[in-house]
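Colleague: Got a structure for you, query-v4.tsv, holding TSV, C-alpha atoms and all ligand atoms.
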chain	number	residue	atom	x	y	z
A	1122	MET	CA	11.54	33.28	32.28
A	1123	ILE	CA	10.14	29.78	32.07
A	1124	LYS	CA	11.73	26.85	33.84
A	1125	ALA	CA	10.08	23.92	32.14
A	1126	ASP	CA	11.90	21.41	34.35
A	1127	ASN	CA	9.91	22.62	37.35
A	1128	PHE	CA	6.68	21.31	35.89
A	1129	LYS	CA	5.30	17.82	36.18
A	1130	LEU	CA	3.22	17.70	33.04
A	1131	PRO	CA	1.08	14.80	31.92
A	1132	THR	CA	1.75	15.41	28.24
A	1133	THR	CA	3.72	17.72	26.05
A	1134	SER	CA	0.54	18.94	24.44
A	1135	LEU	CA	-0.92	20.11	27.75
A	1136	PHE	CA	2.27	22.01	28.32
A	1137	LEU	CA	2.02	23.62	24.91
A	1138	ILE	CA	-1.64	24.48	25.46
A	1139	SER	CA	-0.93	26.20	28.74
A	1140	LEU	CA	2.07	27.95	27.22
A	1141	SER	CA	-0.12	29.27	24.42
A	1142	VAL	CA	-2.76	30.43	26.89
A	1143	ILE	CA	-0.10	32.29	28.85
A	1144	SER	CA	1.39	33.73	25.64
A	1145	VAL	CA	-1.98	34.94	24.40
A	1146	LEU	CA	-2.73	36.50	27.78
A	1147	ASN	CA	0.68	38.18	27.71
A	1148	LEU	CA	-0.06	39.53	24.25
A	1149	LEU	CA	-3.33	40.89	25.57
A	1150	GLY	CA	-1.36	42.79	28.17
A	1151	PHE	CA	-2.13	40.66	31.21
A	1152	ASN	CA	1.56	40.19	31.92
A	1153	VAL	CA	1.21	36.60	33.03
A	1154	ILE	CA	4.29	34.83	34.23
A	1155	TYR	CA	4.81	31.32	35.52
A	1156	SER	CA	4.88	31.07	39.28
A	1157	PRO	CA	8.05	28.96	39.70
A	1158	CYS	CA	10.12	32.08	39.14
A	1159	LEU	CA	8.19	33.79	41.92
A	1160	ALA	CA	7.73	30.81	44.19
A	1161	GLN	CA	11.35	31.14	45.15
A	1162	SER	CA	11.03	34.76	46.26
A	1163	ASN	CA	11.70	35.74	49.86
A	1164	VAL	CA	8.74	34.81	52.09
A	1165	ASN	CA	9.52	37.74	54.37
A	1166	ASP	CA	8.92	40.18	51.55
A	1167	PRO	CA	5.49	41.78	52.18
A	1168	SER	CA	4.81	41.87	48.43
A	1169	THR	CA	5.33	38.10	48.11
A	1170	ALA	CA	1.62	37.22	48.28
A	1171	LYS	CA	0.76	39.75	45.60
A	1172	ASN	CA	3.71	38.63	43.45
A	1173	LEU	CA	2.61	35.01	43.73
A	1174	THR	CA	-0.83	35.90	42.46
A	1175	ILE	CA	0.37	37.76	39.34
A	1176	THR	CA	0.27	34.43	37.50
A	1177	CYS	CA	-3.32	33.88	38.59
A	1178	THR	CA	-4.72	37.28	37.68
A	1179	GLY	CA	-4.55	36.59	33.94
A	1180	CYS	CA	-7.38	34.10	34.34
A	1181	HIS	CA	-8.95	34.89	37.71
A	1182	GLY	CA	-8.86	38.69	37.25
A	1183	THR	CA	-6.65	41.35	38.84
A	1184	GLU	CA	-9.02	41.63	41.81
A	1185	GLY	CA	-9.86	37.93	41.85
A	1186	LEU	CA	-12.96	38.51	39.71
A	1187	SER	CA	-12.77	36.65	36.43
A	1188	ASN	CA	-14.30	37.73	33.12
A	1189	ALA	CA	-14.50	34.25	31.61
A	1190	PRO	CA	-17.53	32.02	32.24
A	1191	LEU	CA	-15.44	28.96	33.14
A	1192	TRP	CA	-12.75	30.69	35.19
A	1193	PRO	CA	-14.01	31.00	38.77
A	1194	ASN	CA	-13.90	34.13	40.92
A	1195	LEU	CA	-11.54	33.81	43.88
A	1196	ALA	CA	-12.14	37.14	45.64
A	1197	GLY	CA	-13.75	36.75	49.03
A	1198	GLN	CA	-13.77	32.95	48.81
A	1199	LYS	CA	-13.08	31.20	52.10
A	1200	LYS	CA	-9.37	30.84	52.78
A	1201	GLU	CA	-9.51	27.21	53.88
A	1202	TYR	CA	-11.47	26.25	50.76
A	1203	LEU	CA	-8.99	28.00	48.46
A	1204	ALA	CA	-6.05	26.31	50.18
A	1205	LYS	CA	-7.76	22.92	49.97
A	1206	GLN	CA	-8.46	23.32	46.24
A	1207	LEU	CA	-4.90	24.43	45.49
A	1208	LEU	CA	-3.53	21.46	47.37
A	1209	ALA	CA	-5.92	19.14	45.52
A	1210	PHE	CA	-4.79	20.58	42.15
A	1211	LYS	CA	-1.18	20.23	43.24
A	1212	ASN	CA	-1.66	16.58	44.23
A	1213	ASN	CA	-3.73	15.84	41.10
A	1214	GLU	CA	-6.71	14.88	43.26
A	1215	ARG	CA	-8.68	17.60	41.47
A	1216	LYS	CA	-7.95	17.60	37.78
A	1217	ASP	CA	-7.80	20.59	35.46
A	1218	PRO	CA	-5.37	20.97	32.55
A	1219	LEU	CA	-4.78	24.63	33.38
A	1220	MET	CA	-4.61	24.45	37.18
A	1221	ASN	CA	-2.60	21.24	37.71
A	1222	PRO	CA	0.68	22.50	36.21
A	1223	ILE	CA	0.27	25.89	37.91
A	1224	ALA	CA	-0.43	24.46	41.36
A	1225	SER	CA	2.33	21.84	41.07
A	1226	SER	CA	4.95	24.54	41.55
A	1227	LEU	CA	3.39	26.07	44.68
A	1228	SER	CA	4.86	25.35	48.11
A	1229	ASP	CA	2.69	24.97	51.23
A	1230	SER	CA	3.60	28.48	52.33
A	1231	ASP	CA	2.81	29.87	48.86
A	1232	ILE	CA	-0.63	28.24	49.08
A	1233	GLU	CA	-1.20	29.74	52.52
A	1234	LEU	CA	-0.19	33.22	51.31
A	1235	ILE	CA	-2.27	32.99	48.14
A	1236	ALA	CA	-5.38	31.68	49.93
A	1237	THR	CA	-5.15	34.49	52.48
A	1238	TYR	CA	-4.64	37.07	49.76
A	1239	PHE	CA	-7.69	36.11	47.67
A	1240	SER	CA	-9.95	35.54	50.68
A	1241	ASN	CA	-9.27	39.13	51.75
A	1242	LEU	CA	-10.29	40.65	48.41
A	1243	LYS	CA	-13.80	42.08	47.98
A	1244	PRO	CA	-16.12	39.57	46.26
A	1301	LIG	C1	-4.69	29.81	32.42
A	1301	LIG	C2	-5.81	30.16	33.30
A	1301	LIG	C3	-5.61	30.03	34.78
A	1301	LIG	C4	-4.56	30.51	35.53
A	1301	LIG	C5	-3.32	31.27	35.07
A	1301	LIG	C6	-4.88	30.17	36.92
A	1301	LIG	N1	-6.07	29.52	36.98
A	1301	LIG	FE1	-6.99	28.87	38.66
A	1301	LIG	N2	-8.47	28.05	37.58
A	1301	LIG	C7	-8.55	28.10	36.20
A	1301	LIG	C8	-9.70	27.33	35.78
A	1301	LIG	C9	-10.17	27.13	34.35
A	1301	LIG	C10	-10.30	26.82	36.95
A	1301	LIG	C11	-11.55	25.92	37.05
A	1301	LIG	C12	-11.09	24.50	37.05
A	1301	LIG	C13	-12.22	23.52	37.04
A	1301	LIG	O1	-13.14	23.69	36.24
A	1301	LIG	O2	-12.18	22.58	37.85
A	1301	LIG	C14	-9.50	27.30	38.05
A	1301	LIG	C15	-9.80	27.01	39.38
A	1301	LIG	C16	-9.09	27.52	40.45
A	1301	LIG	C17	-9.45	27.35	41.84
A	1301	LIG	C18	-10.66	26.61	42.37
A	1301	LIG	C19	-11.79	27.58	42.56
A	1301	LIG	C20	-13.05	26.95	43.07
A	1301	LIG	O3	-14.00	27.70	43.27
A	1301	LIG	O4	-13.11	25.73	43.30
A	1301	LIG	C21	-8.52	27.99	42.58
A	1301	LIG	C22	-8.47	28.11	44.09
A	1301	LIG	C23	-7.58	28.58	41.65
A	1301	LIG	N3	-7.96	28.29	40.36
A	1301	LIG	C24	-6.49	29.32	42.03
A	1301	LIG	C25	-5.53	29.79	41.15
A	1301	LIG	C26	-4.31	30.41	41.57
A	1301	LIG	C27	-3.93	30.68	43.02
A	1301	LIG	C28	-3.61	30.71	40.44
A	1301	LIG	C29	-2.22	31.32	40.36
A	1301	LIG	C30	-1.17	30.68	41.10
A	1301	LIG	C31	-4.42	30.30	39.30
A	1301	LIG	N4	-5.57	29.74	39.78
A	1301	LIG	C32	-4.07	30.48	37.99
A	1301	LIG	C33	-7.72	28.78	35.35
A	1301	LIG	C34	-6.54	29.39	35.71
Would you encode the structure as structure tokens?
Modeller:
Amino acid sequence: MIKADNFKLPTTSLFLISLSVISVLNLLGFNVIYSPCLAQSNVNDPSTAKNLTITCTGCHGTEGLSNAPLWPNLAGQKKEYLAKQLLAFKNNERKDPLMNPIASSLSDSDIELIATYFSNLKP
């Protein structure tokens, strides 16, 4: 379930690259889905934070500990720092071809929930 119109993408190729990354991860069994589908879920649902982070786990690891050298660990990172980085990716102040499209679909409350979730995981 991909809603391409929810993404502000610099170029079509970046979109295709991130789509292929997601597809490959899905094939590998990571079950990655784009967050816009989840971003609209009910904020009162206690599983919302975990649902929001399903997209992230493909790269940052199921417990926020990544296996790839260039994909940072998020587990146990300071909440304020995580929120600041997500906002910076969202606003294109920090640039990364993978993170910018992902963060662009997150609301302020999503960012708050996600930052809290990862900061509470064991580093
Ligand atoms: C397709 C892979 C991929 C996915 C999916 C992904 N990320 Fe990332 N993320 C990255 C990469 C690569 C970086 C490092 C960017 C850089 O080098 O600046 C990063 C960086 C970050 C950082 C900054 C960490 C730091 O130490 O500065 C945060 C926070 C983050 N991601 C959160 C998330 C969240 C939350 C999600 C899910 C909504 C997510 N990421 C999904 C690849 C991904």
Colleague: May I have the residues at most 10 Å from (-11.8, 30.2, 39.5) in the file's coordinates, counting all atoms listed in the file, as number ranges by chain?
Modeller: A: 1177, 1180-1182, 1185-1187, 1189-1196, 1198, 1203, 1220
Colleague: Give me, as JSON lines, each residue of chain A that comes within 9 Å of ligand LIG 1301 (chain A), together with its shortest interatomic pair and the distance in Å at one decimal, counting all atoms listed in the file, with rows ordered by chain and rising residue number.
Modeller:
{"residue": "A:Ser1139", "atom": "CA", "partner": "A:LIG1301", "partner_atom": "C1", "distance": 6.4}
{"residue": "A:Leu1140", "atom": "CA", "partner": "A:LIG1301", "partner_atom": "C1", "distance": 8.7}
{"residue": "A:Val1142", "atom": "CA", "partner": "A:LIG1301", "partner_atom": "C1", "distance": 5.9}
{"residue": "A:Ile1143", "atom": "CA", "partner": "A:LIG1301", "partner_atom": "C1", "distance": 6.3}
{"residue": "A:Leu1146", "atom": "CA", "partner": "A:LIG1301", "partner_atom": "C1", "distance": 8.4}
{"residue": "A:Val1153", "atom": "CA", "partner": "A:LIG1301", "partner_atom": "C5", "distance": 7.3}
{"residue": "A:Ile1154", "atom": "CA", "partner": "A:LIG1301", "partner_atom": "C5", "distance": 8.4}
{"residue": "A:Tyr1155", "atom": "CA", "partner": "A:LIG1301", "partner_atom": "C5", "distance": 8.1}
{"residue": "A:Ser1156", "atom": "CA", "partner": "A:LIG1301", "partner_atom": "C30", "distance": 6.3}
{"residue": "A:Leu1173", "atom": "CA", "partner": "A:LIG1301", "partner_atom": "C30", "distance": 6.3}
{"residue": "A:Thr1174", "atom": "CA", "partner": "A:LIG1301", "partner_atom": "C29", "distance": 5.2}
{"residue": "A:Ile1175", "atom": "CA", "partner": "A:LIG1301", "partner_atom": "C29", "distance": 7.0}
{"residue": "A:Thr1176", "atom": "CA", "partner": "A:LIG1301", "partner_atom": "C29", "distance": 4.9}
{"residue": "A:Cys1177", "atom": "CA", "partner": "A:LIG1301", "partner_atom": "C29", "distance": 3.3}
{"residue": "A:Thr1178", "atom": "CA", "partner": "A:LIG1301", "partner_atom": "C5", "distance": 6.7}
{"residue": "A:Gly1179", "atom": "CA", "partner": "A:LIG1301", "partner_atom": "C5", "distance": 5.6}
{"residue": "A:Cys1180", "atom": "CA", "partner": "A:LIG1301", "partner_atom": "C2", "distance": 4.4}
{"residue": "A:His1181", "atom": "CA", "partner": "A:LIG1301", "partner_atom": "N1", "distance": 6.1}
{"residue": "A:Ala1189", "atom": "CA", "partner": "A:LIG1301", "partner_atom": "C9", "distance": 8.8}
{"residue": "A:Leu1191", "atom": "CA", "partner": "A:LIG1301", "partner_atom": "C9", "distance": 5.7}
{"residue": "A:Trp1192", "atom": "CA", "partner": "A:LIG1301", "partner_atom": "C9", "distance": 4.5}
{"residue": "A:Pro1193", "atom": "CA", "partner": "A:LIG1301", "partner_atom": "C19", "distance": 5.6}
{"residue": "A:Asn1194", "atom": "CA", "partner": "A:LIG1301", "partner_atom": "O3", "distance": 6.8}
{"residue": "A:Leu1195", "atom": "CA", "partner": "A:LIG1301", "partner_atom": "C19", "distance": 6.4}
{"residue": "A:Gln1198", "atom": "CA", "partner": "A:LIG1301", "partner_atom": "O3", "distance": 7.6}
{"residue": "A:Tyr1202", "atom": "CA", "partner": "A:LIG1301", "partner_atom": "C22", "distance": 7.5}
{"residue": "A:Leu1203", "atom": "CA", "partner": "A:LIG1301", "partner_atom": "C22", "distance": 4.4}
{"residue": "A:Ala1204", "atom": "CA", "partner": "A:LIG1301", "partner_atom": "C22", "distance": 6.8}
{"residue": "A:Lys1205", "atom": "CA", "partner": "A:LIG1301", "partner_atom": "C22", "distance": 7.9}
{"residue": "A:Gln1206", "atom": "CA", "partner": "A:LIG1301", "partner_atom": "C22", "distance": 5.3}
{"residue": "A:Leu1207", "atom": "CA", "partner": "A:LIG1301", "partner_atom": "C22", "distance": 5.3}
{"residue": "A:Leu1208", "atom": "CA", "partner": "A:LIG1301", "partner_atom": "C22", "distance": 8.9}
{"residue": "A:Phe1210", "atom": "CA", "partner": "A:LIG1301", "partner_atom": "C17", "distance": 8.2}
{"residue": "A:Arg1215", "atom": "CA", "partner": "A:LIG1301", "partner_atom": "O2", "distance": 7.1}
{"residue": "A:Lys1216", "atom": "CA", "partner": "A:LIG1301", "partner_atom": "O2", "distance": 6.5}
{"residue": "A:Asp1217", "atom": "CA", "partner": "A:LIG1301", "partner_atom": "C12", "distance": 5.4}
{"residue": "A:Pro1218", "atom": "CA", "partner": "A:LIG1301", "partner_atom": "C9", "distance": 8.0}
{"residue": "A:Leu1219", "atom": "CA", "partner": "A:LIG1301", "partner_atom": "C1", "distance": 5.3}
{"residue": "A:Met1220", "atom": "CA", "partner": "A:LIG1301", "partner_atom": "FE1", "distance": 5.2}
{"residue": "A:Asn1221", "atom": "CA", "partner": "A:LIG1301", "partner_atom": "FE1", "distance": 8.9}
{"residue": "A:Ile1223", "atom": "CA", "partner": "A:LIG1301", "partner_atom": "C30", "distance": 5.9}
{"residue": "A:Ala1224", "atom": "CA", "partner": "A:LIG1301", "partner_atom": "C30", "distance": 6.3}
{"residue": "A:Ser1226", "atom": "CA", "partner": "A:LIG1301", "partner_atom": "C30", "distance": 8.7}
{"residue": "A:Leu1227", "atom": "CA", "partner": "A:LIG1301", "partner_atom": "C30", "distance": 7.4}
{"residue": "A:Asp1231", "atom": "CA", "partner": "A:LIG1301", "partner_atom": "C30", "distance": 8.8}
{"residue": "A:Ile1232", "atom": "CA", "partner": "A:LIG1301", "partner_atom": "C27", "distance": 7.3}
{"residue": "A:Ile1235", "atom": "CA", "partner": "A:LIG1301", "partner_atom": "C27", "distance": 5.9}
{"residue": "A:Ala1236", "atom": "CA", "partner": "A:LIG1301", "partner_atom": "C27", "distance": 7.1}
{"residue": "A:Phe1239", "atom": "CA", "partner": "A:LIG1301", "partner_atom": "C27", "distance": 8.1}
Colleague: In Å, with one decimal, what is the gap from atom CA of A:Pro1222 to atom CA of A:Thr1183?
Modeller: 20.4 Å
Colleague: Nearest residue to A:Ser1228 out of A:Asn1188, A:Asn1212, A:Ser1168, A:Ser1240, using all atoms listed in the file?
Modeller: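 With all atoms listed in the file as the atom set, the closest residue is A:Asn1212.
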Colleague: Which distance in Å separates atom CA of A:Asn1172 and atom CA of A:Lys1211, to one decimal?
Modeller: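 Computing the Euclidean distance for atom CA of A:Asn1172 and atom CA of A:Lys1211 yields 19.0 Å.
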Colleague: Kindly give the distance, in Å, that separates atom CA of A:Asp1229 and atom CA of A:Gly1197, rounded to a single decimal.
Modeller: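 Atom CA of A:Gly1197 lies 20.3 Å from atom CA of A:Asp1229.
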Colleague: Find, counting all atoms listed in the file, the residue in A:Glu1184, A:Ala1170, A:Glu1201, A:Ser1225 that gets nearest to A:Leu1242.
Modeller: A:Glu1184
